[in-house]
>>> print(open('structure-v1.cif').read())   # mmCIF, C-alpha atoms
data_query
loop_
_atom_site.group_PDB
_atom_site.id
_atom_site.type_symbol
_atom_site.label_atom_id
_atom_site.label_comp_id
_atom_site.auth_asym_id
_atom_site.auth_seq_id
_atom_site.Cartn_x
_atom_site.Cartn_y
_atom_site.Cartn_z
ATOM 1 C CA MET P 324 -26.188 47.950 -29.236
ATOM 2 C CA ARG P 325 -26.265 44.536 -30.876
ATOM 3 C CA LYS P 326 -22.835 43.845 -29.446
ATOM 4 C CA VAL P 327 -24.026 44.647 -25.922
ATOM 5 C CA GLN P 328 -27.133 42.530 -26.412
ATOM 6 C CA SER P 329 -25.025 39.619 -27.644
ATOM 7 C CA LEU P 330 -22.681 39.974 -24.685
ATOM 8 C CA LEU P 331 -25.643 39.999 -22.301
ATOM 9 C CA ILE P 332 -27.032 36.829 -23.882
ATOM 10 C CA ILE P 333 -23.646 35.137 -23.609
ATOM 11 C CA ALA P 334 -23.261 36.288 -19.989
ATOM 12 C CA ALA P 335 -26.790 35.092 -19.151
ATOM 13 C CA ALA P 336 -26.081 31.739 -20.739
ATOM 14 C CA GLY P 337 -22.864 31.471 -18.724
ATOM 15 C CA ILE P 338 -24.683 32.321 -15.502
ATOM 16 C CA PHE P 339 -27.438 29.838 -16.358
ATOM 17 C CA LEU P 340 -24.958 27.062 -17.078
ATOM 18 C CA ALA P 341 -22.929 27.853 -13.962
ATOM 19 C CA GLY P 342 -26.138 27.846 -11.948
ATOM 20 C CA CYS P 343 -26.900 24.332 -13.078
ATOM 21 C CA GLY P 344 -23.983 23.200 -10.961
ATOM 22 C CA GLN P 345 -21.972 20.048 -11.100
ATOM 23 C CA ASN P 346 -23.441 16.637 -11.353
ATOM 24 C CA PRO P 347 -23.962 14.985 -7.957
ATOM 25 C CA TYR P 348 -21.250 12.369 -8.507
ATOM 26 C CA ASP P 349 -18.562 15.012 -9.100
ATOM 27 C CA SER P 350 -19.836 17.022 -6.158
ATOM 28 C CA GLY P 351 -19.783 13.888 -4.007
ATOM 29 C CA MET P 352 -16.167 13.252 -4.963
ATOM 30 C CA GLU P 353 -15.231 16.806 -4.031
ATOM 31 C CA GLN P 354 -17.001 16.480 -0.685
ATOM 32 C CA LEU P 355 -15.365 13.107 -0.035
ATOM 33 C CA GLU P 356 -11.907 14.530 -0.748
ATOM 34 C CA ALA P 357 -12.680 17.509 1.512
ATOM 35 C CA GLY P 358 -13.694 15.202 4.362
ATOM 36 C CA SER P 359 -17.342 16.302 4.301
ATOM 37 C CA TYR P 360 -18.620 12.746 4.501
ATOM 38 C CA SER P 361 -22.260 13.463 5.283
ATOM 39 C CA GLU P 362 -22.556 15.855 2.347
ATOM 40 C CA ALA P 363 -20.654 13.407 0.136
ATOM 41 C CA ALA P 364 -23.080 10.624 1.062
ATOM 42 C CA GLN P 365 -26.027 12.874 0.160
ATOM 43 C CA GLN P 366 -24.488 13.735 -3.213
ATOM 44 C CA PHE P 367 -23.698 10.108 -4.037
ATOM 45 C CA GLN P 368 -27.229 9.105 -3.009
ATOM 46 C CA GLN P 369 -28.601 11.752 -5.367
ATOM 47 C CA ALA P 370 -26.359 10.455 -8.170
ATOM 48 C CA ILE P 371 -27.671 6.934 -7.515
ATOM 49 C CA GLU P 372 -31.273 8.153 -7.626
ATOM 50 C CA GLU P 373 -30.501 9.856 -10.941
ATOM 51 C CA GLU P 374 -28.788 6.635 -12.106
ATOM 52 C CA ASP P 375 -25.631 8.615 -12.805
ATOM 53 C CA ASN P 376 -22.411 6.619 -12.839
ATOM 54 C CA LEU P 377 -23.991 3.949 -10.620
ATOM 55 C CA ALA P 378 -21.007 1.739 -9.840
ATOM 56 C CA ASP P 379 -18.753 4.657 -8.906
ATOM 57 C CA SER P 380 -21.565 6.427 -7.045
ATOM 58 C CA TYR P 381 -22.216 3.350 -4.919
ATOM 59 C CA ARG P 382 -18.489 3.022 -4.250
ATOM 60 C CA GLY P 383 -18.288 6.680 -3.213
ATOM 61 C CA LEU P 384 -21.344 6.249 -0.997
ATOM 62 C CA GLY P 385 -19.705 3.222 0.618
ATOM 63 C CA LEU P 386 -16.562 5.209 1.385
ATOM 64 C CA ALA P 387 -18.530 8.143 2.794
ATOM 65 C CA LEU P 388 -20.622 5.853 4.999
ATOM 66 C CA TRP P 389 -17.510 3.967 6.166
ATOM 67 C CA GLU P 390 -15.984 7.245 7.294
ATOM 68 C CA GLN P 391 -19.178 7.949 9.261
ATOM 69 C CA GLU P 392 -18.936 4.491 10.883
ATOM 70 C CA ASP P 393 -22.165 3.330 9.219
ATOM 71 C CA TYR P 394 -20.729 -0.103 8.547
ATOM 72 C CA GLU P 395 -23.973 -1.742 7.447
ATOM 73 C CA GLY P 396 -24.706 1.062 4.983
ATOM 74 C CA ALA P 397 -21.110 1.043 3.757
ATOM 75 C CA ARG P 398 -21.199 -2.712 3.215
ATOM 76 C CA ASP P 399 -24.479 -2.552 1.321
ATOM 77 C CA ALA P 400 -23.242 0.304 -0.879
ATOM 78 C CA LEU P 401 -19.952 -1.451 -1.677
ATOM 79 C CA VAL P 402 -21.761 -4.692 -2.547
ATOM 80 C CA SER P 403 -24.054 -2.650 -4.827
ATOM 81 C CA ALA P 404 -20.988 -1.064 -6.425
ATOM 82 C CA LEU P 405 -19.675 -4.524 -7.311
ATOM 83 C CA GLU P 406 -23.112 -5.586 -8.567
ATOM 84 C CA GLN P 407 -23.195 -2.482 -10.791
ATOM 85 C CA GLY P 408 -19.866 -3.418 -12.357
ATOM 86 C CA SER P 409 -17.347 -1.571 -10.203
ATOM 87 C CA GLN P 410 -13.872 -2.947 -10.671
ATOM 88 C CA GLU P 411 -13.093 -5.553 -8.052
ATOM 89 C CA SER P 412 -10.156 -4.413 -5.982
ATOM 90 C CA GLY P 413 -8.254 -5.281 -2.866
ATOM 91 C CA THR P 414 -9.365 -1.999 -1.341
ATOM 92 C CA ILE P 415 -13.072 -2.747 -1.795
ATOM 93 C CA TYR P 416 -12.655 -6.261 -0.419
ATOM 94 C CA SER P 417 -10.650 -4.963 2.533
ATOM 95 C CA LEU P 418 -13.369 -2.429 3.345
ATOM 96 C CA LEU P 419 -16.058 -5.081 2.978
ATOM 97 C CA GLY P 420 -14.134 -7.374 5.306
ATOM 98 C CA ASN P 421 -13.689 -4.572 7.822
ATOM 99 C CA CYS P 422 -17.418 -3.785 7.693
ATOM 100 C CA GLU P 423 -18.314 -7.432 8.263
ATOM 101 C CA LEU P 424 -15.847 -7.680 11.133
ATOM 102 C CA ARG P 425 -17.406 -4.660 12.830
ATOM 103 C CA LEU P 426 -20.898 -6.063 12.193
ATOM 104 C CA ASP P 427 -19.893 -9.310 13.947
ATOM 105 C CA ASN P 428 -19.882 -11.385 10.745
ATOM 106 C CA PRO P 429 -16.341 -12.803 10.914
ATOM 107 C CA GLU P 430 -16.993 -15.690 8.513
ATOM 108 C CA GLN P 431 -18.017 -13.252 5.780
ATOM 109 C CA ALA P 432 -15.092 -10.984 6.702
ATOM 110 C CA VAL P 433 -12.650 -13.850 6.095
ATOM 111 C CA GLN P 434 -14.156 -14.465 2.651
ATOM 112 C CA TYR P 435 -13.679 -10.819 1.696
ATOM 113 C CA TYR P 436 -10.133 -10.699 3.082
ATOM 114 C CA GLU P 437 -9.222 -13.804 1.072
ATOM 115 C CA LYS P 438 -10.553 -12.155 -2.108
ATOM 116 C CA GLY P 439 -8.680 -8.953 -1.268
ATOM 117 C CA ILE P 440 -5.408 -10.773 -0.588
ATOM 118 C CA ALA P 441 -5.746 -12.535 -3.939
ATOM 119 C CA ALA P 442 -6.569 -9.327 -5.836
ATOM 120 C CA GLU P 443 -3.815 -8.333 -8.239
ATOM 121 C CA ASP P 444 -3.995 -4.644 -7.347
ATOM 122 C CA SER P 445 -3.445 -5.125 -3.599
ATOM 123 C CA SER P 446 -0.348 -3.376 -2.296
ATOM 124 C CA LYS P 447 2.006 -5.103 0.115
ATOM 125 C CA GLU P 448 0.739 -2.847 2.909
ATOM 126 C CA LEU P 449 -2.896 -3.657 2.150
ATOM 127 C CA ILE P 450 -2.165 -7.394 2.039
ATOM 128 C CA GLN P 451 -0.417 -7.160 5.402
ATOM 129 C CA GLU P 452 -3.388 -5.303 6.873
ATOM 130 C CA MET P 453 -5.878 -7.851 5.503
ATOM 131 C CA LYS P 454 -3.831 -10.774 6.807
ATOM 132 C CA HIS P 455 -3.771 -9.152 10.240
ATOM 133 C CA ASN P 456 -7.528 -8.554 10.102
ATOM 134 C CA GLU P 457 -8.111 -12.128 8.971
ATOM 135 C CA ILE P 458 -6.453 -13.306 12.192
ATOM 136 C CA ALA P 459 -8.778 -11.034 14.163
ATOM 137 C CA ALA P 460 -11.760 -12.534 12.327
ATOM 138 C CA TYR P 461 -10.755 -16.065 13.318
ATOM 139 C CA GLU P 462 -10.329 -14.886 16.902
ATOM 140 C CA GLN P 463 -13.808 -13.347 16.760
ATOM 141 C CA MET P 464 -15.150 -16.699 15.505
ATOM 142 C CA GLY P 465 -13.507 -18.416 18.455
ATOM 143 C CA ASP P 466 -11.247 -20.478 16.162
ATOM 144 C CA LEU P 467 -8.085 -19.813 18.132
ATOM 145 C CA GLU P 468 -6.149 -22.661 16.515
ATOM 146 C CA GLN P 469 -6.640 -21.207 13.031
ATOM 147 C CA ALA P 470 -5.887 -17.719 14.348
ATOM 148 C CA LYS P 471 -2.704 -19.004 15.961
ATOM 149 C CA SER P 472 -1.644 -20.800 12.773
ATOM 150 C CA LEU P 473 -2.237 -17.703 10.637
ATOM 151 C CA LEU P 474 -0.461 -15.547 13.191
ATOM 152 C CA GLU P 475 2.627 -17.764 13.025
ATOM 153 C CA GLU P 476 2.670 -17.337 9.240
ATOM 154 C CA TYR P 477 2.098 -13.615 9.647
ATOM 155 C CA ILE P 478 4.993 -13.180 12.084
ATOM 156 C CA GLU P 479 7.255 -15.124 9.745
ATOM 157 C CA ALA P 480 6.295 -12.816 6.862
ATOM 158 C CA TYR P 481 6.271 -9.609 8.948
ATOM 159 C CA PRO P 482 8.770 -10.041 11.815
ATOM 160 C CA GLU P 483 8.942 -6.276 12.413
ATOM 161 C CA ASP P 484 5.309 -6.185 13.611
ATOM 162 C CA GLU P 485 5.720 -6.004 17.382
ATOM 163 C CA ALA P 486 1.961 -5.990 17.992
ATOM 164 C CA ALA P 487 1.737 -9.373 16.250
ATOM 165 C CA ALA P 488 4.341 -10.830 18.612
ATOM 166 C CA LYS P 489 2.277 -9.632 21.581
ATOM 167 C CA GLU P 490 -0.825 -11.105 19.955
ATOM 168 C CA ALA P 491 0.973 -14.466 19.650
ATOM 169 C CA GLU P 492 1.688 -14.375 23.385
ATOM 170 C CA PHE P 493 -1.974 -13.626 24.050
ATOM 171 C CA LEU P 494 -3.137 -16.519 21.869
ATOM 172 C CA GLU P 495 -0.746 -18.856 23.643
ATOM 173 C CA THR P 496 -2.350 -17.986 26.993
ATOM 174 C CA GLN P 497 -5.846 -18.309 25.486
ATOM 175 C CA ALA P 498 -5.068 -21.685 23.936
ATOM 176 C CA GLY P 499 -3.750 -22.842 27.299
ATOM 177 C CA ASN P 500 -6.980 -21.711 29.001
ATOM 178 C CA ALA P 501 -9.273 -23.336 26.445
#
>>> encode(input="structure-v1.cif", output="structure tokens")
Amino acid sequence: MRKVQSLLIIAAAGIFLAGCGQNPYDSGMEQLEAGSYSEAAQQFQQAIEEEDNLADSYRGLGLALWEQEDYEGARDALVSALEQGSQESGTIYSLLGNCELRLDNPEQAVQYYEKGIAAEDSSKELIQEMKHNEIAAYEQMGDLEQAKSLLEEYIEAYPEDEAAAKEAEFLETQAGNA
């Protein structure tokens, strides 16, 4: 009888502990990886409210909001992640630049892209993407001369990018019309 009672207590404790569930940060990561961005954002927001793993929770929230095309929310969350001590990375700066570009803040986008390009952890592919986006930011600013100059450098570094060659042709016609 004592053995059964002990087993029941152990089983009840296991059920109780299992019922407590995961912490919201871990759940948010699972939801993010599963592509459930709205649920991930809710979990990360809960983790932030509970002050659990703040820097990583803000970063996760930023990613979830980015995937939902909430660029202002994503930007704010990623900035908070950096303020909370998240490791600076090329990926975060690229996302911040992309958010700013979509929010029509090309000057700020350029600043983030420059930080991302300079980041030690940036892959060659990420650097190429940020350099391309930097050109787009200068175009958005209306600084076609700077965009053209950066595009020439870009084409020299990445001659296989056919879209960049077409972009150079476009800028030539725009510069001629200006």
>>> closest_atom_pairs(input="structure-v1.cif", of="region 351-469 of chain P", to="region 484-487 of chain P", cutoff="12 Å", atoms="only C-alpha atoms", output="CSV")
residue,atom,partner,partner_atom,distance
P:Gln451,CA,P:Asp484,CA,10.1
P:Glu452,CA,P:Asp484,CA,11.0
P:Lys454,CA,P:Ala487,CA,11.1
P:His455,CA,P:Ala487,CA,8.2
P:Asn456,CA,P:Ala487,CA,11.1
P:Ile458,CA,P:Ala487,CA,10.0
P:Ala459,CA,P:Ala487,CA,10.8
>>> atom_distance(input="structure-v1.cif", atom1="CA of Asn376 (chain P)", atom2="CA of Leu401 (chain P)")
14.0 Å
>>> residues_around(input="structure-v1.cif", residues="region 379-392 of chain P", least_positions_apart="3", cutoff="7 Å", atoms="all atoms listed in the file", output="list in words")
Tyr348, Leu355, Tyr360, Ser361, Ala363, Ala364, Phe367, Gln368, Ala370, Ile371, Asn376, Gly396, Ala397, Arg398, Ala400, Leu401, Ser403, Ala404 and Ser409 of chain P
>>> closest_residue(input="structure-v1.cif", among="P:Glu406, P:Glu437, P:Asp399, P:Glu495", to="Cys422 (chain P)", atoms="all atoms listed in the file")
P:Asp399
>>> resolve_selection(input="structure-v1.cif", expression="the PyMOL selection byres ((chain P and resi 463) around 12)", output="list in words")
Glu423, Leu424, Arg425, Leu426, Asp427, Asn428, Pro429, Glu430, Gln431, Ala432, Val433, Asn456, Glu457, Ile458, Ala459, Ala460, Tyr461, Glu462, Met464, Gly465, Asp466, Leu467, Gln469 and Ala470 of chain P
>>> closest_residue(input="structure-v1.cif", among="P:Ala488, P:Leu494, P:Met352, P:Leu419", to="Glu468 (chain P)", atoms="all atoms listed in the file")
P:Leu494
>>> atom_distance(input="structure-v1.cif", atom1="CA of Gly351 (chain P)", atom2="CA of Asp375 (chain P)")
11.8 Å
>>> atom_distance(input="structure-v1.cif", atom1="CA of Gly408 (chain P)", atom2="CA of Pro347 (chain P)")
19.4 Å
>>> closest_residue(input="structure-v1.cif", among="P:Tyr435, P:Thr414, P:Tyr477, P:Gln497", to="Leu449 (chain P)", atoms="only C-alpha atoms")
P:Thr414
>>> axis_aligned_box(input="structure-v1.cif", around="region 461-475 of chain P", padding_each_side="8 Å", output="JSON")
{"center_x": -6.3, "center_y": -18.0, "center_z": 14.5, "size_x": 33.8, "size_y": 25.3, "size_z": 23.8}
>>> residues_around(input="structure-v1.cif", residues="Ser417 (chain P)", least_positions_apart="4", cutoff="6 Å", atoms="all atoms listed in the file", output="PyMOL selection string")
chain P and resi 413+436+439
>>> decode(input="structure-v1.cif", residues="region 350-380 of chain P", atoms="N, CA and C atoms", output="PDB file, in the first residue's frame")
ATOM      1  N   SER P 350       8.992  28.405 -25.143  1.00  0.00           N
ATOM      2  CA  SER P 350       7.804  28.192 -25.957  1.00  0.00           C
ATOM      3  C   SER P 350       7.820  29.122 -27.178  1.00  0.00           C
ATOM      4  N   GLY P 351       8.234  30.352 -26.971  1.00  0.00           N
ATOM      5  CA  GLY P 351       8.344  31.300 -28.080  1.00  0.00           C
ATOM      6  C   GLY P 351       9.326  30.818 -29.132  1.00  0.00           C
ATOM      7  N   MET P 352      10.449  30.277 -28.686  1.00  0.00           N
ATOM      8  CA  MET P 352      11.436  29.744 -29.633  1.00  0.00           C
ATOM      9  C   MET P 352      10.858  28.589 -30.435  1.00  0.00           C
ATOM     10  N   GLU P 353      10.125  27.709 -29.759  1.00  0.00           N
ATOM     11  CA  GLU P 353       9.505  26.588 -30.464  1.00  0.00           C
ATOM     12  C   GLU P 353       8.501  27.085 -31.505  1.00  0.00           C
ATOM     13  N   GLN P 354       7.705  28.067 -31.111  1.00  0.00           N
ATOM     14  CA  GLN P 354       6.703  28.619 -32.031  1.00  0.00           C
ATOM     15  C   GLN P 354       7.379  29.333 -33.209  1.00  0.00           C
ATOM     16  N   LEU P 355       8.447  30.029 -32.933  1.00  0.00           N
ATOM     17  CA  LEU P 355       9.192  30.732 -33.984  1.00  0.00           C
ATOM     18  C   LEU P 355       9.737  29.724 -34.985  1.00  0.00           C
ATOM     19  N   GLU P 356      10.348  28.654 -34.490  1.00  0.00           N
ATOM     20  CA  GLU P 356      10.910  27.626 -35.359  1.00  0.00           C
ATOM     21  C   GLU P 356       9.819  26.902 -36.150  1.00  0.00           C
ATOM     22  N   ALA P 357       8.622  26.822 -35.578  1.00  0.00           N
ATOM     23  CA  ALA P 357       7.503  26.152 -36.254  1.00  0.00           C
ATOM     24  C   ALA P 357       6.797  27.078 -37.250  1.00  0.00           C
ATOM     25  N   GLY P 358       7.178  28.353 -37.248  1.00  0.00           N
ATOM     26  CA  GLY P 358       6.539  29.301 -38.158  1.00  0.00           C
ATOM     27  C   GLY P 358       5.229  29.864 -37.635  1.00  0.00           C
ATOM     28  N   SER P 359       4.955  29.666 -36.362  1.00  0.00           N
ATOM     29  CA  SER P 359       3.750  30.228 -35.732  1.00  0.00           C
ATOM     30  C   SER P 359       4.124  31.578 -35.124  1.00  0.00           C
ATOM     31  N   TYR P 360       4.239  32.577 -35.985  1.00  0.00           N
ATOM     32  CA  TYR P 360       4.828  33.852 -35.575  1.00  0.00           C
ATOM     33  C   TYR P 360       3.960  34.639 -34.600  1.00  0.00           C
ATOM     34  N   SER P 361       2.657  34.587 -34.773  1.00  0.00           N
ATOM     35  CA  SER P 361       1.776  35.309 -33.861  1.00  0.00           C
ATOM     36  C   SER P 361       1.869  34.721 -32.454  1.00  0.00           C
ATOM     37  N   GLU P 362       1.826  33.398 -32.372  1.00  0.00           N
ATOM     38  CA  GLU P 362       1.947  32.731 -31.075  1.00  0.00           C
ATOM     39  C   GLU P 362       3.339  32.971 -30.483  1.00  0.00           C
ATOM     40  N   ALA P 363       4.354  32.946 -31.315  1.00  0.00           N
ATOM     41  CA  ALA P 363       5.718  33.209 -30.839  1.00  0.00           C
ATOM     42  C   ALA P 363       5.800  34.610 -30.238  1.00  0.00           C
ATOM     43  N   ALA P 364       5.225  35.583 -30.938  1.00  0.00           N
ATOM     44  CA  ALA P 364       5.257  36.966 -30.442  1.00  0.00           C
ATOM     45  C   ALA P 364       4.580  37.058 -29.083  1.00  0.00           C
ATOM     46  N   GLN P 365       3.447  36.364 -28.921  1.00  0.00           N
ATOM     47  CA  GLN P 365       2.738  36.375 -27.638  1.00  0.00           C
ATOM     48  C   GLN P 365       3.603  35.770 -26.535  1.00  0.00           C
ATOM     49  N   GLN P 366       4.272  34.669 -26.840  1.00  0.00           N
ATOM     50  CA  GLN P 366       5.119  34.014 -25.838  1.00  0.00           C
ATOM     51  C   GLN P 366       6.309  34.897 -25.453  1.00  0.00           C
ATOM     52  N   PHE P 367       6.939  35.505 -26.459  1.00  0.00           N
ATOM     53  CA  PHE P 367       8.075  36.384 -26.157  1.00  0.00           C
ATOM     54  C   PHE P 367       7.613  37.600 -25.353  1.00  0.00           C
ATOM     55  N   GLN P 368       6.433  38.129 -25.680  1.00  0.00           N
ATOM     56  CA  GLN P 368       5.900  39.263 -24.928  1.00  0.00           C
ATOM     57  C   GLN P 368       5.667  38.864 -23.478  1.00  0.00           C
ATOM     58  N   GLN P 369       5.150  37.661 -23.265  1.00  0.00           N
ATOM     59  CA  GLN P 369       4.949  37.172 -21.901  1.00  0.00           C
ATOM     60  C   GLN P 369       6.288  37.040 -21.181  1.00  0.00           C
ATOM     61  N   ALA P 370       7.296  36.518 -21.866  1.00  0.00           N
ATOM     62  CA  ALA P 370       8.626  36.377 -21.260  1.00  0.00           C
ATOM     63  C   ALA P 370       9.178  37.750 -20.872  1.00  0.00           C
ATOM     64  N   ILE P 371       8.938  38.743 -21.730  1.00  0.00           N
ATOM     65  CA  ILE P 371       9.405  40.107 -21.432  1.00  0.00           C
ATOM     66  C   ILE P 371       8.688  40.644 -20.194  1.00  0.00           C
ATOM     67  N   GLU P 372       7.369  40.435 -20.139  1.00  0.00           N
ATOM     68  CA  GLU P 372       6.607  40.900 -18.979  1.00  0.00           C
ATOM     69  C   GLU P 372       7.082  40.230 -17.698  1.00  0.00           C
ATOM     70  N   GLU P 373       7.509  38.975 -17.809  1.00  0.00           N
ATOM     71  CA  GLU P 373       8.023  38.250 -16.643  1.00  0.00           C
ATOM     72  C   GLU P 373       9.511  38.520 -16.414  1.00  0.00           C
ATOM     73  N   GLU P 374      10.087  39.376 -17.258  1.00  0.00           N
ATOM     74  CA  GLU P 374      11.510  39.730 -17.209  1.00  0.00           C
ATOM     75  C   GLU P 374      12.381  38.482 -17.262  1.00  0.00           C
ATOM     76  N   ASP P 375      12.007  37.576 -18.150  1.00  0.00           N
ATOM     77  CA  ASP P 375      12.730  36.322 -18.336  1.00  0.00           C
ATOM     78  C   ASP P 375      13.586  36.423 -19.590  1.00  0.00           C
ATOM     79  N   ASN P 376      14.902  36.350 -19.405  1.00  0.00           N
ATOM     80  CA  ASN P 376      15.808  36.324 -20.544  1.00  0.00           C
ATOM     81  C   ASN P 376      15.516  37.499 -21.489  1.00  0.00           C
ATOM     82  N   LEU P 377      15.554  38.715 -20.946  1.00  0.00           N
ATOM     83  CA  LEU P 377      15.061  39.894 -21.658  1.00  0.00           C
ATOM     84  C   LEU P 377      15.688  40.118 -23.025  1.00  0.00           C
ATOM     85  N   ALA P 378      17.006  40.103 -23.105  1.00  0.00           N
ATOM     86  CA  ALA P 378      17.650  40.402 -24.385  1.00  0.00           C
ATOM     87  C   ALA P 378      17.217  39.406 -25.461  1.00  0.00           C
ATOM     88  N   ASP P 379      17.250  38.119 -25.134  1.00  0.00           N
ATOM     89  CA  ASP P 379      16.870  37.102 -26.109  1.00  0.00           C
ATOM     90  C   ASP P 379      15.370  37.142 -26.396  1.00  0.00           C
ATOM     91  N   SER P 380      14.575  37.465 -25.391  1.00  0.00           N
ATOM     92  CA  SER P 380      13.123  37.553 -25.604  1.00  0.00           C
ATOM     93  C   SER P 380      12.782  38.710 -26.537  1.00  0.00           C
TER      94      SER P 380
END
